[in-house]
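Trainee: mmCIF, C-alpha atoms, file protein_34.cif:
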```cif
data_run
#
loop_
_atom_site.group_PDB
_atom_site.id
_atom_site.type_symbol
_atom_site.label_atom_id
_atom_site.label_comp_id
_atom_site.auth_asym_id
_atom_site.auth_seq_id
_atom_site.Cartn_x
_atom_site.Cartn_y
_atom_site.Cartn_z
ATOM 1 C CA MET A 178 67.027 -44.701 0.485
ATOM 2 C CA PHE A 179 67.295 -41.579 2.668
ATOM 3 C CA SER A 180 63.510 -41.025 2.663
ATOM 4 C CA VAL A 181 62.850 -44.666 3.576
ATOM 5 C CA ILE A 182 65.249 -44.525 6.504
ATOM 6 C CA SER A 183 63.738 -41.192 7.651
ATOM 7 C CA ALA A 184 60.222 -42.625 7.461
ATOM 8 C CA GLN A 185 61.270 -45.655 9.499
ATOM 9 C CA ALA A 186 62.942 -43.458 12.096
ATOM 10 C CA ALA A 187 59.892 -41.192 12.284
ATOM 11 C CA GLY A 188 57.573 -44.182 12.641
ATOM 12 C CA SER A 189 59.684 -45.645 15.415
ATOM 13 C CA ALA A 190 59.810 -42.279 17.202
ATOM 14 C CA TRP A 191 56.028 -41.880 16.864
ATOM 15 C CA LEU A 192 55.400 -45.329 18.361
ATOM 16 C CA SER A 193 57.782 -44.559 21.214
ATOM 17 C CA GLY A 194 56.013 -41.272 21.860
ATOM 18 C CA ALA A 195 52.590 -42.920 21.855
ATOM 19 C CA GLY A 196 53.727 -45.605 24.283
ATOM 20 C CA ILE A 197 55.421 -43.187 26.642
ATOM 21 C CA GLY A 198 52.437 -40.823 26.419
ATOM 22 C CA ILE A 199 49.984 -43.523 27.478
ATOM 23 C CA GLY A 200 52.308 -44.485 30.310
ATOM 24 C CA LEU A 201 52.402 -40.894 31.565
ATOM 25 C CA PHE A 202 48.758 -39.969 31.041
ATOM 26 C CA ALA A 203 46.890 -43.184 31.895
ATOM 27 C CA ILE A 204 46.690 -42.531 35.630
ATOM 28 C CA VAL A 205 43.866 -41.378 37.871
ATOM 29 C CA GLY A 206 44.887 -37.835 38.658
ATOM 30 C CA ALA A 207 43.176 -34.506 39.178
ATOM 31 C CA GLN A 208 42.406 -33.964 35.493
ATOM 32 C CA SER A 209 41.111 -37.523 35.108
ATOM 33 C CA ALA A 210 38.793 -37.160 38.097
ATOM 34 C CA PHE A 211 37.379 -33.920 36.685
ATOM 35 C CA ILE A 212 36.824 -35.331 33.185
ATOM 36 C CA LEU A 213 35.234 -38.470 34.642
ATOM 37 C CA ARG A 214 32.716 -36.412 36.586
ATOM 38 C CA GLN A 215 31.860 -34.207 33.620
ATOM 39 C CA GLY A 216 31.574 -37.237 31.385
ATOM 40 C CA ILE A 217 29.131 -38.945 33.724
ATOM 41 C CA MET A 218 27.094 -35.723 33.879
ATOM 42 C CA ARG A 219 27.274 -35.469 30.064
ATOM 43 C CA GLN A 220 27.987 -31.782 30.567
ATOM 44 C CA HIS A 221 30.251 -29.966 28.056
ATOM 45 C CA VAL A 222 32.293 -33.139 27.493
ATOM 46 C CA ILE A 223 33.434 -32.406 23.935
ATOM 47 C CA PRO A 224 34.555 -28.805 24.661
ATOM 48 C CA ILE A 225 36.394 -30.004 27.770
ATOM 49 C CA ILE A 226 38.177 -32.767 25.848
ATOM 50 C CA ALA A 227 39.059 -30.293 23.092
ATOM 51 C CA THR A 228 40.401 -27.760 25.604
ATOM 52 C CA CYS A 229 42.534 -30.300 27.459
ATOM 53 C CA PHE A 230 43.816 -31.760 24.187
ATOM 54 C CA ALA A 231 44.733 -28.333 22.781
ATOM 55 C CA ILE A 232 46.640 -27.453 25.964
ATOM 56 C CA ASP A 233 48.414 -30.820 25.958
ATOM 57 C CA ALA A 234 49.358 -30.510 22.296
ATOM 58 C CA VAL A 235 50.726 -26.967 22.621
ATOM 59 C CA PHE A 236 52.829 -27.743 25.679
ATOM 60 C CA ILE A 237 54.048 -31.111 24.398
ATOM 61 C CA LEU A 238 55.347 -29.472 21.228
ATOM 62 C CA ALA A 239 56.774 -26.569 23.229
ATOM 63 C CA SER A 240 58.504 -28.970 25.611
ATOM 64 C CA VAL A 241 60.134 -30.834 22.770
ATOM 65 C CA ALA A 242 61.134 -27.485 21.230
ATOM 66 C CA GLY A 243 62.866 -26.323 24.401
ATOM 67 C CA LEU A 244 60.450 -25.588 27.270
ATOM 68 C CA ARG A 245 62.769 -27.404 29.653
ATOM 69 C CA GLN A 246 65.431 -24.767 29.058
ATOM 70 C CA LEU A 247 62.956 -22.078 30.159
ATOM 71 C CA THR A 248 62.367 -23.657 33.568
ATOM 72 C CA ASP A 249 66.113 -24.172 33.946
ATOM 73 C CA GLN A 250 66.596 -20.427 33.498
ATOM 74 C CA LEU A 251 63.612 -19.512 35.712
ATOM 75 C CA PRO A 252 63.720 -21.955 38.649
ATOM 76 C CA TRP A 253 61.233 -19.846 40.632
ATOM 77 C CA LEU A 254 58.583 -20.717 38.033
ATOM 78 C CA THR A 255 58.498 -24.303 39.303
ATOM 79 C CA THR A 256 57.859 -23.122 42.878
ATOM 80 C CA VAL A 257 55.055 -20.792 41.800
ATOM 81 C CA LEU A 258 53.376 -23.569 39.830
ATOM 82 C CA LEU A 259 53.743 -26.016 42.702
ATOM 83 C CA TRP A 260 52.033 -23.825 45.318
ATOM 84 C CA GLY A 261 49.484 -22.599 42.803
ATOM 85 C CA GLY A 262 48.644 -26.229 42.142
ATOM 86 C CA VAL A 263 48.325 -26.945 45.866
ATOM 87 C CA ALA A 264 45.874 -24.054 46.274
ATOM 88 C CA PHE A 265 43.835 -25.033 43.217
ATOM 89 C CA LEU A 266 43.601 -28.720 44.162
ATOM 90 C CA THR A 267 42.702 -27.858 47.766
ATOM 91 C CA TRP A 268 39.907 -25.540 46.644
ATOM 92 C CA TYR A 269 38.425 -28.090 44.235
ATOM 93 C CA ALA A 270 38.764 -30.881 46.818
ATOM 94 C CA ALA A 271 36.810 -28.745 49.275
ATOM 95 C CA GLN A 272 34.052 -28.233 46.698
ATOM 96 C CA SER A 273 33.852 -31.978 46.051
ATOM 97 C CA ALA A 274 33.833 -32.716 49.786
ATOM 98 C CA ARG A 275 30.978 -30.249 50.292
ATOM 99 C CA ARG A 276 28.913 -31.964 47.581
ATOM 100 C CA ALA A 277 29.675 -35.350 49.145
ATOM 101 C CA VAL A 278 28.356 -34.166 52.515
ATOM 102 C CA VAL A 279 25.345 -32.028 51.559
ATOM 103 C CA GLY A 280 24.537 -33.522 48.167
ATOM 104 C CA GLY A 281 23.664 -31.534 45.066
ATOM 105 C CA GLY A 282 26.204 -33.136 42.741
ATOM 106 C CA GLY A 283 23.757 -34.883 40.445
ATOM 107 C CA MET A 284 22.840 -34.651 36.803
ATOM 108 C CA LYS A 285 21.085 -31.286 36.953
ATOM 109 C CA LEU A 286 22.673 -28.703 34.689
ATOM 110 C CA ASP A 287 23.388 -25.122 35.609
ATOM 111 C CA ASP A 288 20.538 -22.758 34.708
ATOM 112 C CA ASN A 289 22.956 -20.479 32.903
ATOM 113 C CA GLY A 290 24.377 -22.665 30.145
ATOM 114 C CA GLU A 291 26.930 -20.110 28.968
ATOM 115 C CA GLN A 292 28.265 -19.503 32.464
ATOM 116 C CA SER A 293 28.356 -23.240 33.134
ATOM 117 C CA LEU A 294 30.395 -23.853 29.974
ATOM 118 C CA ARG A 295 32.808 -21.042 30.815
ATOM 119 C CA THR A 296 33.277 -22.373 34.338
ATOM 120 C CA ALA A 297 33.841 -25.911 33.062
ATOM 121 C CA LEU A 298 36.451 -24.797 30.532
ATOM 122 C CA MET A 299 38.250 -22.681 33.132
ATOM 123 C CA ALA A 300 38.364 -25.706 35.429
ATOM 124 C CA ALA A 301 39.633 -27.893 32.581
ATOM 125 C CA ALA A 302 42.413 -25.394 31.867
ATOM 126 C CA GLY A 303 43.227 -25.186 35.567
ATOM 127 C CA PHE A 304 43.546 -28.943 35.967
ATOM 128 C CA SER A 305 45.998 -28.896 33.062
ATOM 129 C CA ILE A 306 48.110 -25.781 33.498
ATOM 130 C CA ILE A 307 47.880 -25.146 37.264
ATOM 131 C CA ASN A 308 49.068 -28.652 37.972
ATOM 132 C CA PRO A 309 52.704 -29.429 38.847
ATOM 133 C CA HIS A 310 52.291 -33.023 37.629
ATOM 134 C CA PHE A 311 51.410 -31.631 34.209
ATOM 135 C CA TRP A 312 54.661 -29.661 34.132
ATOM 136 C CA LEU A 313 56.641 -32.634 35.377
ATOM 137 C CA ASP A 314 55.237 -34.713 32.522
ATOM 138 C CA MET A 315 56.188 -31.969 30.071
ATOM 139 C CA MET A 316 59.756 -31.885 31.375
ATOM 140 C CA VAL A 317 60.025 -35.676 31.102
ATOM 141 C CA ILE A 318 58.698 -35.590 27.542
ATOM 142 C CA GLY A 319 61.154 -32.860 26.562
ATOM 143 C CA SER A 320 64.067 -34.758 28.073
ATOM 144 C CA ILE A 321 63.199 -38.024 26.333
ATOM 145 C CA ALA A 322 62.624 -36.270 23.009
ATOM 146 C CA ASP A 323 66.241 -35.122 22.983
ATOM 147 C CA ASN A 324 67.245 -38.754 22.400
ATOM 148 C CA PHE A 325 65.423 -38.903 19.058
ATOM 149 C CA GLY A 326 67.439 -36.209 17.284
ATOM 150 C CA ASP A 327 65.842 -35.163 13.996
ATOM 151 C CA SER A 328 62.836 -37.417 14.721
ATOM 152 C CA ARG A 329 61.942 -35.667 17.986
ATOM 153 C CA MET A 330 58.883 -33.948 16.474
ATOM 154 C CA ALA A 331 57.591 -37.349 15.352
ATOM 155 C CA PHE A 332 58.057 -38.453 18.954
ATOM 156 C CA ALA A 333 56.061 -35.386 20.057
ATOM 157 C CA ALA A 334 53.311 -36.300 17.576
ATOM 158 C CA GLY A 335 53.091 -39.746 19.154
ATOM 159 C CA VAL A 336 52.699 -38.231 22.621
ATOM 160 C CA VAL A 337 50.012 -35.862 21.299
ATOM 161 C CA THR A 338 48.188 -38.844 19.791
ATOM 162 C CA ALA A 339 48.289 -40.657 23.139
ATOM 163 C CA SER A 340 46.867 -37.580 24.850
ATOM 164 C CA GLY A 341 43.967 -37.395 22.389
ATOM 165 C CA VAL A 342 43.150 -41.086 22.745
ATOM 166 C CA TRP A 343 43.288 -41.047 26.545
ATOM 167 C CA LEU A 344 41.168 -37.888 26.892
ATOM 168 C CA THR A 345 38.557 -39.272 24.496
ATOM 169 C CA VAL A 346 38.394 -42.613 26.286
ATOM 170 C CA GLN A 347 37.910 -40.873 29.628
ATOM 171 C CA GLY A 348 35.327 -38.328 28.528
ATOM 172 C CA LEU A 349 33.186 -40.404 26.190
ATOM 173 C CA GLY A 350 33.711 -43.686 28.039
ATOM 174 C CA ALA A 351 32.432 -42.134 31.250
ATOM 175 C CA ARG A 352 29.048 -41.596 29.592
ATOM 176 C CA MET A 353 28.437 -45.336 29.759
ATOM 177 C CA LEU A 354 28.577 -45.080 33.551
ATOM 178 C CA ALA A 355 25.746 -42.524 33.638
ATOM 179 C CA PRO A 356 22.978 -45.107 34.379
ATOM 180 C CA LEU A 357 24.823 -46.044 37.576
ATOM 181 C CA PHE A 358 24.592 -42.461 38.797
ATOM 182 C CA THR A 359 20.825 -42.001 38.947
ATOM 183 C CA LYS A 360 20.878 -42.096 42.757
ATOM 184 C CA PRO A 361 22.116 -39.113 44.808
ATOM 185 C CA SER A 362 24.038 -41.475 47.086
ATOM 186 C CA THR A 363 26.166 -42.652 44.151
ATOM 187 C CA TRP A 364 27.096 -39.065 43.347
ATOM 188 C CA ARG A 365 28.089 -38.519 46.970
ATOM 189 C CA ILE A 366 30.417 -41.507 46.777
ATOM 190 C CA LEU A 367 31.967 -40.206 43.546
ATOM 191 C CA ASP A 368 32.431 -36.693 44.933
ATOM 192 C CA GLY A 369 33.868 -38.102 48.148
ATOM 193 C CA THR A 370 36.349 -40.187 46.165
ATOM 194 C CA ILE A 371 37.351 -37.180 44.057
ATOM 195 C CA ALA A 372 37.808 -35.106 47.228
ATOM 196 C CA VAL A 373 40.143 -37.761 48.669
ATOM 197 C CA ILE A 374 42.179 -38.051 45.444
ATOM 198 C CA LEU A 375 42.629 -34.293 45.124
ATOM 199 C CA SER A 376 43.409 -33.865 48.821
ATOM 200 C CA VAL A 377 46.110 -36.542 48.674
ATOM 201 C CA LEU A 378 47.614 -34.892 45.578
ATOM 202 C CA ALA A 379 47.564 -31.464 47.244
ATOM 203 C CA LEU A 380 49.153 -32.837 50.428
ATOM 204 C CA THR A 381 51.839 -34.675 48.465
ATOM 205 C CA LEU A 382 52.728 -31.512 46.556
ATOM 206 C CA ALA A 383 52.765 -29.430 49.756
ATOM 207 C CA ILE A 384 55.142 -31.866 51.443
ATOM 208 C CA ARG A 385 57.380 -31.765 48.371
ATOM 209 C CA GLY A 386 57.332 -27.959 48.441
ATOM 210 C CA VAL A 387 58.258 -27.798 52.147
ATOM 211 C CA ASN A 388 61.077 -30.296 51.769
#
```
Show how you would write the structure in this file as structure tokens.
Mentor:
Amino acid sequence: MFSVISAQAAGSAWLSGAGIGIGLFAIVGAQSAFILRQGIMRQHVIPIIATCFAIDAVFILASVAGLRQLTDQLPWLTTVLLWGGVAFLTWYAAQSARRAVVGGGGMKLDDNGEQSLRTALMAAAGFSIINPHFWLDMMVIGSIADNFGDSRMAFAAGVVTASGVWLTVQGLGARMLAPLFTKPSTWRILDGTIAVILSVLALTLAIRGVN
């Protein structure tokens, strides 16, 4: 009887985690904009998805295990992450804006494949870790997990599952949009849109940091 009840509790916690995870992740943010662009370019999509998923999984499990207590003890860490995120988003928005104005954001791959992959993975890690919204999501997940008691790791597994599904849908689904991006003007529109999204996020974070 005990194992049946535990399995039911774990299943319920997993479903709750998956639902909450989709609710948190299924938004058009900085990471989504980056993955969308890479997916359309069909450039290093699988490694980028794997990198983002690994980071999500590690920090989701860490959050449920007590990451929130760390930020409570080190409040300055939140400030550092916030302004680091502002700087990172501003820099990437400027790069996207430059491509929107002068062009050059098309399907052509970097001549140095190894360097291009390294740069893409560093950007993927940056959009995850150097992103205050990422840390806010982690804190929310950790707080909610406390309500599930012994089933909190099942809840974490549900959130991890949602992360994997959402990242895969973004990265591989974006490939279907590739035929629409054969014209340079379409790429300029995409890069301009990404620049606006990232600029708004950076400005919002800066205002929050000042206030």
Trainee: List the spatial neighbours of stretch 310-319 of chain A as a PyMOL selection string - criterion: any atom at most 9 Å away, all atoms listed in the file, same-chain residues fewer than 5 positions off excluded.
Mentor: chain A and resi 194+197-198+201-202+206+233+236-245+248+255+258-259+262+304-305+333+336
Trainee: Can you translate the PyMOL selection byres ((chain A and resi 359-367) around 10) into the concrete residues it hits in this file, as a list in words?
Mentor: Ala210, Leu213, Arg214, Ile217, Ser273, Ala274, Arg275, Arg276, Ala277, Val278, Val279, Gly280, Gly281, Gly282, Gly283, Met284, Leu354, Ala355, Pro356, Leu357, Phe358, Asp368, Gly369, Thr370, Ile371, Ala372 and Val373 of chain A
Trainee: Using only C-alpha atoms, which protein or nucleic acid residues come within 12 Å of A:Gly261? Drop anything in the same chain fewer than 3 positions from it, and give the result as number ranges by chain.
Mentor: A: 254-258, 264-268, 303-304, 306-310, 379, 382-383, 386
Trainee: Take atom CA of A:Ala300 and atom CA of A:Gln220 and report the distance between them in Å, one decimal.
Mentor: 13.0 Å
Trainee: Which residues, written as a list of chain:residue names, have at least one atom at most 7 Å from stretch 342-349 of chain A, with only C-alpha atoms counted and residues fewer than 4 positions away on the same chain left out?
Mentor: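 So, after excluding close chain neighbours, the residues are A:Ala203, A:Ile212, A:Leu213, A:Gly216, A:Val222, A:Ile226, A:Thr338.
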Trainee: Report the distance between atom CA of A:Ser193 and atom CA of A:Gly335 in Å, rounded to one decimal place.
Mentor: 7.0 Å
Trainee: For A:Ala297, please output as JSON, numbers by chain all residues within 9 Å (counting only C-alpha atoms; exclusion window: fewer than 5 positions along the same chain).
Mentor: {"A": [215, 220, 221, 224, 225, 292, 302]}
Trainee: Figure out the distance between atom CA of A:Ile384 and atom CA of A:Ala271, please, to one decimal in Å.
Mentor: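 If I compute the distance from atom CA of A:Ala271 to atom CA of A:Ile384, I get 18.7 Å.
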Trainee: Would you pick out the contacts of A:Ala234 at 8 Å or less, using only C-alpha atoms, so that residues sharing its chain but fewer than 4 positions from it are not included, and give the list as a short mmCIF file (atom, residue, chain, number, x, y, z; two decimals) with C-alpha atoms, keeping the file's coordinate frame?
Mentor:
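The resulting result-v1.cif:
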```
data_model
loop_
_atom_site.label_atom_id
_atom_site.label_comp_id
_atom_site.auth_asym_id
_atom_site.auth_seq_id
_atom_site.Cartn_x
_atom_site.Cartn_y
_atom_site.Cartn_z
CA PHE A 230 43.82 -31.76 24.19
CA LEU A 238 55.35 -29.47 21.23
CA VAL A 337 50.01 -35.86 21.30
CA SER A 340 46.87 -37.58 24.85
#
```
